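upload_6.pdb (PDB, C-alpha atoms) appears below.
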ATOM      1  CA  MET A  12     -78.934-107.307   6.001
ATOM      2  CA  THR A  13     -79.365-104.687   3.342
ATOM      3  CA  ASP A  14     -80.574-102.348   6.034
ATOM      4  CA  ARG A  15     -77.359-102.795   7.975
ATOM      5  CA  ALA A  16     -75.209-102.293   4.885
ATOM      6  CA  HIS A  17     -77.105 -99.124   4.234
ATOM      7  CA  ASN A  18     -76.456 -97.896   7.752
ATOM      8  CA  ILE A  19     -72.739 -98.551   7.520
ATOM      9  CA  ARG A  20     -72.458 -96.645   4.296
ATOM     10  CA  GLU A  21     -74.352 -93.728   5.710
ATOM     11  CA  THR A  22     -72.081 -93.725   8.800
ATOM     12  CA  ASP A  23     -69.044 -93.746   6.629
ATOM     13  CA  ILE A  24     -70.083 -90.795   4.584
ATOM     14  CA  ARG A  25     -72.106 -88.500   6.779
ATOM     15  CA  TRP A  26     -71.446 -89.197  10.431
ATOM     16  CA  HIS A  27     -67.765 -89.644  10.323
ATOM     17  CA  PRO A  28     -66.690 -86.119  11.278
ATOM     18  CA  THR A  29     -68.683 -86.297  14.546
ATOM     19  CA  GLU A  30     -67.286 -89.738  15.261
ATOM     20  CA  ARG A  31     -63.819 -88.397  14.678
ATOM     21  CA  GLU A  32     -64.357 -85.766  17.305
ATOM     22  CA  GLU A  33     -65.217 -88.443  19.829
ATOM     23  CA  TYR A  34     -62.214 -90.439  18.702
ATOM     24  CA  ASP A  35     -60.016 -87.473  19.316
ATOM     25  CA  HIS A  36     -61.275 -87.234  22.873
ATOM     26  CA  GLY A  37     -60.583 -90.935  23.109
ATOM     27  CA  GLY A  38     -57.113 -90.193  21.747
ATOM     28  CA  GLY A  39     -56.478 -87.739  24.562
ATOM     29  CA  ALA A  40     -57.638 -90.239  27.157
ATOM     30  CA  THR A  41     -55.510 -92.910  25.430
ATOM     31  CA  VAL A  42     -52.419 -90.738  25.643
ATOM     32  CA  LEU A  43     -53.037 -90.058  29.350
ATOM     33  CA  GLY A  44     -53.766 -93.737  29.969
ATOM     34  CA  PHE A  45     -50.623 -94.757  28.128
ATOM     35  CA  TRP A  46     -48.666 -92.242  30.180
ATOM     36  CA  ILE A  47     -49.971 -93.870  33.365
ATOM     37  CA  TYR A  48     -48.953 -97.281  31.959
ATOM     38  CA  LEU A  49     -45.441 -95.913  31.380
ATOM     39  CA  MET A  50     -45.319 -94.647  34.961
ATOM     40  CA  SER A  51     -46.316 -98.094  36.276
ATOM     41  CA  ASP A  52     -43.658 -99.641  34.049
ATOM     42  CA  ALA A  53     -41.186 -97.195  35.582
ATOM     43  CA  LEU A  54     -42.108 -98.693  38.978
ATOM     44  CA  ILE A  55     -41.244-102.187  37.705
ATOM     45  CA  PHE A  56     -37.857-100.900  36.638
ATOM     46  CA  ALA A  57     -37.481 -99.061  39.964
ATOM     47  CA  SER A  58     -37.842-102.353  41.850
ATOM     48  CA  LEU A  59     -35.327-104.013  39.518
ATOM     49  CA  PHE A  60     -32.884-101.113  39.958
ATOM     50  CA  ALA A  61     -33.386-101.327  43.741
ATOM     51  CA  MET A  62     -32.655-105.042  43.685
ATOM     52  CA  PHE A  63     -29.564-104.485  41.561
ATOM     53  CA  GLY A  64     -28.422-101.671  43.866
ATOM     54  CA  VAL A  65     -28.702-103.919  46.921
ATOM     55  CA  VAL A  66     -26.760-106.874  45.472
ATOM     56  CA  SER A  67     -24.457-105.003  43.069
ATOM     57  CA  THR A  68     -21.364-105.984  45.078
ATOM     58  CA  SER A  69     -22.441-109.552  45.944
ATOM     59  CA  TYR A  70     -20.112-111.336  43.542
ATOM     60  CA  ALA A  71     -20.050-114.632  45.523
ATOM     61  CA  GLY A  72     -16.370-114.960  44.695
ATOM     62  CA  GLY A  73     -17.190-114.670  40.999
ATOM     63  CA  PRO A  74     -16.223-112.039  38.427
ATOM     64  CA  GLY A  75     -17.153-108.388  39.005
ATOM     65  CA  PRO A  76     -18.167-105.614  36.608
ATOM     66  CA  ARG A  77     -14.582-104.614  35.870
ATOM     67  CA  GLN A  78     -13.730-108.043  34.457
ATOM     68  CA  LEU A  79     -17.077-108.501  32.697
ATOM     69  CA  PHE A  80     -18.210-105.231  31.161
ATOM     70  CA  ASP A  81     -16.916-104.191  27.773
ATOM     71  CA  LEU A  82     -17.420-100.416  27.848
ATOM     72  CA  PRO A  83     -16.827 -99.722  24.113
ATOM     73  CA  LEU A  84     -19.595-102.236  23.355
ATOM     74  CA  VAL A  85     -21.906-100.562  25.901
ATOM     75  CA  ALA A  86     -21.069 -97.158  24.383
ATOM     76  CA  LEU A  87     -21.978 -98.489  20.930
ATOM     77  CA  ASN A  88     -25.265 -99.882  22.266
ATOM     78  CA  THR A  89     -26.062 -96.604  24.024
ATOM     79  CA  ALA A  90     -25.341 -94.686  20.800
ATOM     80  CA  LEU A  91     -27.634 -97.023  18.823
ATOM     81  CA  LEU A  92     -30.552 -96.595  21.223
ATOM     82  CA  LEU A  93     -30.114 -92.821  21.486
ATOM     83  CA  ALA A  94     -29.894 -92.580  17.681
ATOM     84  CA  SER A  95     -33.094 -94.626  17.364
ATOM     85  CA  SER A  96     -34.846 -92.216  19.744
ATOM     86  CA  ILE A  97     -33.694 -89.310  17.552
ATOM     87  CA  THR A  98     -34.778 -90.975  14.294
ATOM     88  CA  PHE A  99     -38.214 -91.616  15.821
ATOM     89  CA  GLY A 100     -38.374 -87.892  16.533
ATOM     90  CA  GLN A 101     -37.708 -87.320  12.814
ATOM     91  CA  ALA A 102     -40.763 -89.394  11.879
ATOM     92  CA  ILE A 103     -43.205 -87.351  13.986
ATOM     93  CA  PRO A 104     -43.368 -84.108  11.901
ATOM     94  CA  HIS A 105     -43.898 -86.226   8.755
ATOM     95  CA  MET A 106     -46.658 -88.127  10.553
ATOM     96  CA  GLU A 107     -48.355 -84.906  11.648
ATOM     97  CA  ALA A 108     -48.222 -83.581   8.087
ATOM     98  CA  GLY A 109     -49.817 -86.832   6.864
ATOM     99  CA  ARG A 110     -46.839 -87.970   4.747
ATOM    100  CA  VAL A 111     -47.005 -91.771   4.881
ATOM    101  CA  GLY A 112     -43.783 -92.507   2.924
ATOM    102  CA  PRO A 113     -41.260 -90.562   5.072
ATOM    103  CA  THR A 114     -43.062 -91.671   8.261
ATOM    104  CA  ARG A 115     -42.555 -95.302   7.287
ATOM    105  CA  THR A 116     -38.932 -94.674   6.279
ATOM    106  CA  TRP A 117     -37.990 -93.081   9.622
ATOM    107  CA  LEU A 118     -39.906 -95.756  11.534
ATOM    108  CA  ALA A 119     -38.012 -98.431   9.605
ATOM    109  CA  VAL A 120     -34.673 -96.741  10.387
ATOM    110  CA  THR A 121     -35.688 -96.610  14.070
ATOM    111  CA  GLY A 122     -36.573-100.302  13.936
ATOM    112  CA  LEU A 123     -33.228-101.233  12.367
ATOM    113  CA  LEU A 124     -31.292 -99.315  15.039
ATOM    114  CA  GLY A 125     -33.403-100.961  17.735
ATOM    115  CA  ALA A 126     -32.801-104.398  16.191
ATOM    116  CA  ALA A 127     -29.050-103.736  16.178
ATOM    117  CA  PHE A 128     -29.312-102.797  19.870
ATOM    118  CA  VAL A 129     -31.097-106.044  20.741
ATOM    119  CA  GLY A 130     -28.630-108.017  18.604
ATOM    120  CA  ILE A 131     -25.617-106.591  20.442
ATOM    121  CA  GLU A 132     -27.295-107.235  23.786
ATOM    122  CA  PHE A 133     -27.870-110.868  22.800
ATOM    123  CA  TYR A 134     -24.211-111.111  21.815
ATOM    124  CA  GLU A 135     -23.146-109.606  25.166
ATOM    125  CA  PHE A 136     -25.380-111.995  27.136
ATOM    126  CA  ALA A 137     -24.197-115.023  25.152
ATOM    127  CA  HIS A 138     -20.591-113.970  25.693
ATOM    128  CA  LEU A 139     -21.137-113.629  29.474
ATOM    129  CA  VAL A 140     -22.830-117.019  29.733
ATOM    130  CA  GLN A 141     -20.005-118.569  27.715
ATOM    131  CA  GLU A 142     -17.457-117.117  30.155
ATOM    132  CA  GLY A 143     -19.326-118.829  32.992
ATOM    133  CA  ALA A 144     -20.816-115.521  34.149
ATOM    134  CA  GLY A 145     -24.458-116.467  33.614
ATOM    135  CA  PRO A 146     -27.333-115.332  35.840
ATOM    136  CA  GLN A 147     -26.822-118.304  38.196
ATOM    137  CA  ARG A 148     -23.208-117.325  39.015
ATOM    138  CA  SER A 149     -23.864-114.654  41.674
ATOM    139  CA  ALA A 150     -26.572-112.354  43.051
ATOM    140  CA  PHE A 151     -24.908-109.504  41.179
ATOM    141  CA  LEU A 152     -25.216-111.350  37.858
ATOM    142  CA  SER A 153     -28.801-112.494  38.573
ATOM    143  CA  ALA A 154     -29.828-108.895  39.173
ATOM    144  CA  PHE A 155     -27.847-107.711  36.146
ATOM    145  CA  PHE A 156     -29.480-110.193  33.761
ATOM    146  CA  THR A 157     -32.955-109.496  35.179
ATOM    147  CA  LEU A 158     -32.658-105.717  34.918
ATOM    148  CA  VAL A 159     -30.927-105.482  31.537
ATOM    149  CA  GLY A 160     -32.928-108.427  30.164
ATOM    150  CA  THR A 161     -36.248-106.828  31.144
ATOM    151  CA  HIS A 162     -35.205-103.671  29.331
ATOM    152  CA  GLY A 163     -34.168-105.735  26.305
ATOM    153  CA  ALA A 164     -37.524-107.541  26.340
ATOM    154  CA  HIS A 165     -39.285-104.156  26.302
ATOM    155  CA  VAL A 166     -37.198-103.039  23.313
ATOM    156  CA  THR A 167     -38.090-106.292  21.540
ATOM    157  CA  VAL A 168     -41.797-105.611  22.123
ATOM    158  CA  GLY A 169     -41.180-102.101  20.736
ATOM    159  CA  LEU A 170     -39.659-103.674  17.613
ATOM    160  CA  ILE A 171     -42.758-105.856  17.117
ATOM    161  CA  TRP A 172     -44.898-102.739  17.562
ATOM    162  CA  ILE A 173     -42.815-100.835  14.962
ATOM    163  CA  ALA A 174     -43.160-103.704  12.472
ATOM    164  CA  THR A 175     -46.933-103.728  13.079
ATOM    165  CA  MET A 176     -47.105 -99.970  12.472
ATOM    166  CA  LEU A 177     -45.121-100.325   9.213
ATOM    167  CA  ILE A 178     -47.618-102.884   7.935
ATOM    168  CA  GLN A 179     -50.681-100.977   9.157
ATOM    169  CA  LEU A 180     -49.397 -97.720   7.663
ATOM    170  CA  ARG A 181     -49.272 -99.416   4.284
ATOM    171  CA  GLN A 182     -52.792-100.771   4.771
ATOM    172  CA  HIS A 183     -54.591 -97.818   6.348
ATOM    173  CA  GLY A 184     -52.466 -94.739   5.688
ATOM    174  CA  LEU A 185     -52.266 -92.033   8.351
ATOM    175  CA  THR A 186     -55.738 -92.145   9.883
ATOM    176  CA  GLY A 187     -56.483 -90.645  13.295
ATOM    177  CA  GLU A 188     -56.189 -94.053  14.912
ATOM    178  CA  MET A 189     -52.811 -94.663  13.303
ATOM    179  CA  LYS A 190     -51.524 -91.301  14.508
ATOM    180  CA  ARG A 191     -52.682 -92.108  18.024
ATOM    181  CA  ARG A 192     -50.923 -95.480  17.915
ATOM    182  CA  ILE A 193     -47.697 -93.951  16.621
ATOM    183  CA  ILE A 194     -47.772 -91.223  19.306
ATOM    184  CA  CYS A 195     -48.118 -93.950  21.976
ATOM    185  CA  LEU A 196     -45.298 -95.938  20.351
ATOM    186  CA  SER A 197     -43.056 -92.857  20.340
ATOM    187  CA  MET A 198     -43.730 -92.342  24.066
ATOM    188  CA  PHE A 199     -42.906 -96.021  24.690
ATOM    189  CA  TRP A 200     -39.681 -95.799  22.692
ATOM    190  CA  HIS A 201     -38.467 -92.581  24.341
ATOM    191  CA  PHE A 202     -39.354 -94.082  27.741
ATOM    192  CA  LEU A 203     -37.114 -97.088  27.044
ATOM    193  CA  ASP A 204     -34.278 -94.734  26.150
ATOM    194  CA  ILE A 205     -34.766 -93.020  29.533
ATOM    195  CA  ILE A 206     -34.579 -96.374  31.335
ATOM    196  CA  TRP A 207     -31.366 -97.085  29.411
ATOM    197  CA  ILE A 208     -29.863 -93.842  30.799
ATOM    198  CA  GLY A 209     -30.282 -95.420  34.235
ATOM    199  CA  VAL A 210     -28.811 -98.722  33.025
ATOM    200  CA  PHE A 211     -25.674 -97.406  31.346
ATOM    201  CA  ASN A 212     -24.898 -94.965  34.175
ATOM    202  CA  PHE A 213     -25.815 -96.966  37.279
ATOM    203  CA  VAL A 214     -25.074-100.499  36.089
ATOM    204  CA  TYR A 215     -22.178-100.244  33.650
ATOM    205  CA  LEU A 216     -20.311 -97.007  34.474
ATOM    206  CA  PHE A 217     -20.838 -97.207  38.269
ATOM    207  CA  GLY A 218     -19.800-100.869  38.162
ATOM    208  CA  VAL A 219     -16.550-100.119  36.384
ATOM    209  CA  ILE A 220     -15.462 -97.177  38.557
ATOM    210  CA  ARG A 221     -16.299 -98.840  41.851
TER
ATOM    211  CA  MET B  22     -57.838 -94.789  -1.171
ATOM    212  CA  SER B  23     -60.735 -92.422  -1.794
ATOM    213  CA  THR B  24     -62.043 -93.148   1.707
ATOM    214  CA  HIS B  25     -58.675 -92.130   3.142
ATOM    215  CA  SER B  26     -58.620 -88.794   1.394
ATOM    216  CA  LEU B  27     -62.192 -88.284   2.588
ATOM    217  CA  HIS B  28     -61.166 -88.775   6.191
ATOM    218  CA  THR B  29     -57.860 -87.003   6.184
ATOM    219  CA  PRO B  30     -58.956 -83.370   6.557
ATOM    220  CA  PRO B  31     -60.838 -83.848   9.861
ATOM    221  CA  ASP B  32     -57.925 -85.913  11.157
ATOM    222  CA  THR B  33     -55.356 -83.238  10.606
ATOM    223  CA  ASP B  34     -57.681 -80.579  12.024
ATOM    224  CA  LEU B  35     -58.550 -82.480  15.151
ATOM    225  CA  GLY B  36     -55.034 -83.797  15.435
ATOM    226  CA  ALA B  37     -53.893 -80.325  16.379
ATOM    227  CA  PRO B  38     -54.483 -80.509  20.149
ATOM    228  CA  GLU B  39     -52.864 -83.947  20.153
ATOM    229  CA  SER B  40     -49.841 -82.594  18.363
ATOM    230  CA  THR B  41     -49.234 -79.963  21.031
ATOM    231  CA  HIS B  42     -48.985 -82.828  23.439
ATOM    232  CA  GLY B  43     -46.996 -84.908  20.984
ATOM    233  CA  HIS B  44     -44.396 -82.670  19.490
ATOM    234  CA  GLY B  45     -45.169 -79.021  19.992
ATOM    235  CA  SER B  46     -41.823 -77.360  19.663
ATOM    236  CA  ARG B  47     -39.180 -78.590  17.258
ATOM    237  CA  ARG B  48     -36.717 -76.199  18.836
ATOM    238  CA  ALA B  49     -37.058 -77.803  22.272
ATOM    239  CA  TYR B  50     -36.606 -81.163  20.546
ATOM    240  CA  ARG B  51     -33.366 -80.099  18.821
ATOM    241  CA  ILE B  52     -31.949 -78.668  22.051
ATOM    242  CA  GLY B  53     -32.907 -81.942  23.741
ATOM    243  CA  VAL B  54     -31.079 -83.972  21.076
ATOM    244  CA  ALA B  55     -27.898 -81.885  21.423
ATOM    245  CA  LEU B  56     -27.988 -82.046  25.238
ATOM    246  CA  SER B  57     -28.689 -85.788  25.352
ATOM    247  CA  ILE B  58     -25.741 -86.546  23.041
ATOM    248  CA  LEU B  59     -23.485 -84.362  25.201
ATOM    249  CA  LEU B  60     -24.789 -85.912  28.439
ATOM    250  CA  THR B  61     -24.168 -89.411  27.046
ATOM    251  CA  VAL B  62     -20.680 -88.740  25.709
ATOM    252  CA  VAL B  63     -19.340 -86.966  28.829
ATOM    253  CA  PRO B  64     -19.868 -89.785  31.399
ATOM    254  CA  PHE B  65     -18.510 -92.429  28.999
ATOM    255  CA  TRP B  66     -15.484 -90.238  28.294
ATOM    256  CA  LEU B  67     -14.947 -89.608  32.033
ATOM    257  CA  VAL B  68     -14.916 -93.320  32.831
ATOM    258  CA  MET B  69     -13.116 -94.651  29.751
ATOM    259  CA  SER B  70     -10.310 -92.071  29.836
ATOM    260  CA  LYS B  71     -10.069 -92.320  33.656
ATOM    261  CA  ALA B  72     -10.086 -88.518  33.717
ATOM    262  CA  LEU B  73     -10.679 -88.308  37.466
ATOM    263  CA  PRO B  74      -8.610 -90.373  39.876
ATOM    264  CA  ASN B  75     -11.157 -90.179  42.716
ATOM    265  CA  PRO B  76     -13.982 -92.700  42.148
ATOM    266  CA  THR B  77     -16.313 -90.967  44.646
ATOM    267  CA  VAL B  78     -16.096 -87.647  42.797
ATOM    268  CA  MET B  79     -16.533 -89.435  39.482
ATOM    269  CA  ALA B  80     -19.596 -91.313  40.791
ATOM    270  CA  ALA B  81     -21.135 -88.064  42.058
ATOM    271  CA  ILE B  82     -20.605 -86.371  38.687
ATOM    272  CA  ILE B  83     -22.041 -89.325  36.735
ATOM    273  CA  PHE B  84     -25.032 -89.454  39.095
ATOM    274  CA  ALA B  85     -25.720 -85.737  38.577
ATOM    275  CA  LEU B  86     -25.312 -86.008  34.775
ATOM    276  CA  ALA B  87     -27.708 -88.979  34.675
ATOM    277  CA  LEU B  88     -30.384 -87.069  36.599
ATOM    278  CA  ILE B  89     -29.963 -84.086  34.271
ATOM    279  CA  GLN B  90     -30.174 -86.329  31.199
ATOM    280  CA  ILE B  91     -33.333 -88.040  32.472
ATOM    281  CA  THR B  92     -34.909 -84.604  33.030
ATOM    282  CA  VAL B  93     -33.867 -83.432  29.543
ATOM    283  CA  HIS B  94     -35.365 -86.548  27.933
ATOM    284  CA  VAL B  95     -38.630 -86.313  29.880
ATOM    285  CA  VAL B  96     -39.089 -82.648  28.970
ATOM    286  CA  SER B  97     -37.951 -82.573  25.343
ATOM    287  CA  PHE B  98     -38.771 -86.119  24.153
ATOM    288  CA  LEU B  99     -41.784 -87.052  26.293
ATOM    289  CA  HIS B 100     -42.956 -83.394  26.303
ATOM    290  CA  LEU B 101     -43.832 -83.303  29.961
ATOM    291  CA  ASP B 102     -45.119 -79.855  30.894
ATOM    292  CA  THR B 103     -47.569 -78.310  33.339
ATOM    293  CA  ARG B 104     -50.377 -77.919  30.779
ATOM    294  CA  SER B 105     -50.827 -81.208  28.898
ATOM    295  CA  GLU B 106     -53.871 -83.271  29.996
ATOM    296  CA  GLY B 107     -54.698 -80.549  32.521
ATOM    297  CA  GLY B 108     -51.555 -81.245  34.538
ATOM    298  CA  TRP B 109     -52.367 -84.920  35.129
ATOM    299  CA  THR B 110     -49.290 -86.211  33.317
ATOM    300  CA  LEU B 111     -47.074 -84.013  35.490
ATOM    301  CA  LEU B 112     -48.862 -85.131  38.654
ATOM    302  CA  ALA B 113     -48.551 -88.808  37.678
ATOM    303  CA  PHE B 114     -44.883 -88.276  36.848
ATOM    304  CA  LEU B 115     -44.090 -86.550  40.146
ATOM    305  CA  PHE B 116     -45.906 -89.265  42.105
ATOM    306  CA  THR B 117     -43.920 -91.926  40.220
ATOM    307  CA  ALA B 118     -40.668 -90.053  40.801
ATOM    308  CA  VAL B 119     -41.337 -90.006  44.574
ATOM    309  CA  ILE B 120     -42.037 -93.767  44.608
ATOM    310  CA  VAL B 121     -38.961 -94.483  42.460
ATOM    311  CA  VAL B 122     -36.688 -92.464  44.765
ATOM    312  CA  LEU B 123     -38.192 -94.122  47.875
ATOM    313  CA  THR B 124     -37.927 -97.631  46.388
ATOM    314  CA  ILE B 125     -34.362 -97.384  45.118
ATOM    315  CA  GLY B 126     -32.931 -95.009  47.721
ATOM    316  CA  GLY B 127     -34.724 -96.712  50.613
ATOM    317  CA  SER B 128     -33.748-100.253  49.593
ATOM    318  CA  VAL B 129     -30.095 -99.419  49.034
ATOM    319  CA  TRP B 130     -29.887 -97.380  52.240
ATOM    320  CA  VAL B 131     -31.561 -99.954  54.479
ATOM    321  CA  MET B 132     -29.745-102.949  53.010
ATOM    322  CA  TYR B 133     -26.366-101.199  53.131
ATOM    323  CA  HIS B 134     -26.753-100.524  56.868
ATOM    324  CA  LEU B 135     -28.091-104.023  57.414
ATOM    325  CA  ASN B 136     -24.968-105.410  55.742
ATOM    326  CA  ALA B 137     -22.650-103.093  57.651
ATOM    327  CA  ASN B 138     -24.205-103.973  61.012
ATOM    328  CA  MET B 139     -24.388-107.716  60.479
ATOM    329  CA  MET B 140     -21.980-110.105  62.133
ATOM    330  CA  PRO B 141     -19.243-111.022  59.670
ATOM    331  CA  MET B 142     -19.866-114.474  58.271
ATOM    332  CA  PRO B 143     -17.216-117.179  58.680
ATOM    333  CA  ASP B 144     -15.373-117.802  55.447
ATOM    334  CA  ALA B 145     -16.833-121.288  55.036
ATOM    335  CA  ALA B 146     -20.308-119.810  54.639
ATOM    336  CA  MET B 147     -19.090-117.491  51.873
ATOM    337  CA  VAL B 148     -17.997-120.270  49.534
ATOM    338  CA  PRO B 149     -19.887-119.763  46.258
ATOM    339  CA  MET B 150     -22.611-122.266  45.512
ATOM    340  CA  HIS B 151     -22.604-123.949  42.163
TER
END

Translate this structure into structure tokens?
Amino acid sequence: MTDRAHNIRETDIRWHPTEREEYDHGGGATVLGFWIYLMSDALIFASLFAMFGVVSTSYAGGPGPRQLFDLPLVALNTALLLASSITFGQAIPHMEAGRVGPTRTWLAVTGLLGAAFVGIEFYEFAHLVQEGAGPQRSAFLSAFFTLVGTHGAHVTVGLIWIATMLIQLRQHGLTGEMKRRIICLSMFWHFLDIIWIGVFNFVYLFGVIR
Amino acid sequence: MSTHSLHTPPDTDLGAPESTHGHGSRRAYRIGVALSILLTVVPFWLVMSKALPNPTVMAAIIFALALIQITVHVVSFLHLDTRSEGGWTLLAFLFTAVIVVLTIGGSVWVMYHLNANMMPMPDAAMVPMH
């Protein structure tokens, strides 16, 4: 027991730099692996976009995009998500310089913007269901709720991840592992903003002009 | 706290190659921010102000702007370039892009022609199910 404790202490003090180096290699592989995850996630969204594209005019006698979509609300949501992507970008230089306080502040701002986005989406969905335009109304609405809902679920997971990072930053500070996690989170967050570009253009704007 | 300060110097040193992947150029980032705001505002303005009477032209413009905006975001926010991870991120991205285009374009194309070539259904069959 004492032997083990001794070993751990020695590792902490003397062998850490070498371990770090290995961790950094691991970090590189993690970033590449996370990139490949994002690409596979893009394929999930591709199938949902394809499904939506196929049934986007199958209203089954129900309401179409022009009656349902509230463009000012969508514009507000788009602005919130784009702003959250930008505020995340503000956190990165602070993170690289090892400043924990500003990193947490910008992450928190990003999280609040993301939470506002999810809140408005919930409001929009509730409003649609209330109007009798729920996912069971037509193929168009099923595809709409699946596509936009899957994106919203991803953003919600991103919010949980941001909250976790805020807590872990307070506990651990900006260690190598924390930086790696935050880099992955930033890729995830920017990726979701890219998916939203597809959603607001091809679902909302295309729907309204058709 | 003392352990943190002990570990910080190697982190920042070894973090350098990661940071070139992460956020190398702030300038590219700022250009990306400006472009993405512009590319978001223009399509919304086009549709909400009904600037163009022809929906086909409007759809073509919005489609082009969306593709440009996706490219801008991938390059300046996700920092996709030919060098990072020895080109593997670019290769994975291009492969994904091909599959995405095939999936979406192929599905819409095939199903559109299938719809167009199908016998028209009698009205009774089109009654919405509740």

Residues of chain A were defined as contacting chain B if any atom lay at most 6 Å from it, counting only C-alpha atoms; please report them as number ranges by chain. A: 57, 61, 64-65, 71, 187, 205, 220

Separation of atom CA of Ser69 of chain A from atom CA of Ala150 of chain A, in Å and rounded to one decimal: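 Between these atoms lies a distance of 5.8 Å.
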
Kindly list the centre and edge lengths in Å, rounded to one decimal, for the axis-aligned box that covers all listed atoms of segment 64-69 of chain A plus 8 Å on each of its six sides, as lines of an AutoDock Vina configuration file.
center_x = -25.0
center_y = -105.6
center_z = 45.0
size_x = 23.3
size_y = 23.9
size_z = 19.9

Which polymer residues, protein or nucleic acid, are no farther than 12 Å from (-18.2, -115.6, 29.2), counting only C-alpha atoms, as number ranges by chain? A: 73-74, 78-81, 134-146, 148, 152

I'd like the interatomic distance between atom CA of Ala102 of chain A and atom CA of Val120 of chain A, to a tenth of an Å. 9.7 Å

Between atom CA of Gly184 of chain A and atom CA of Gly112 of chain A, measure the distance and give it in Å to one decimal. 9.4 Å

Distance criterion (only C-alpha atoms): nearest to Pro104 of chain A out of A:Ile47, A:Arg221, A:Lys190, A:His162: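 Closest to Pro104 of chain A of all the choices is A:Lys190.
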
Hey, what comes out of the PyMOL selection byres ((chain A and resi 164) around 12) on this file? Could you write it as an NGL selection string? :A and (125-126 or 128-130 or 132-133 or 156-163 or 165-171 or 203)

Using all atoms listed in the file, which residues sit within 8 Å of Ser67 of chain A once same-chain residues fewer than 4 positions away are excluded, as an NGL selection string? :A and (63 or 150-151 or 154 or 218)

Apply the PyMOL selection byres ((chain A and resi 94) around 10) to the displayed file and report the matching residues as a list of chain:residue names.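 Applying the PyMOL selection byres ((chain A and resi 94) around 10) to the structure shown produces A:Asn88, A:Thr89, A:Ala90, A:Leu91, A:Leu92, A:Leu93, A:Ser95, A:Ser96, A:Ile97, A:Thr98, A:Phe99, A:Gly100, A:Val120, A:Thr121, A:Leu124, A:Gly125, A:Asp204, B:Val54, B:Ile58.
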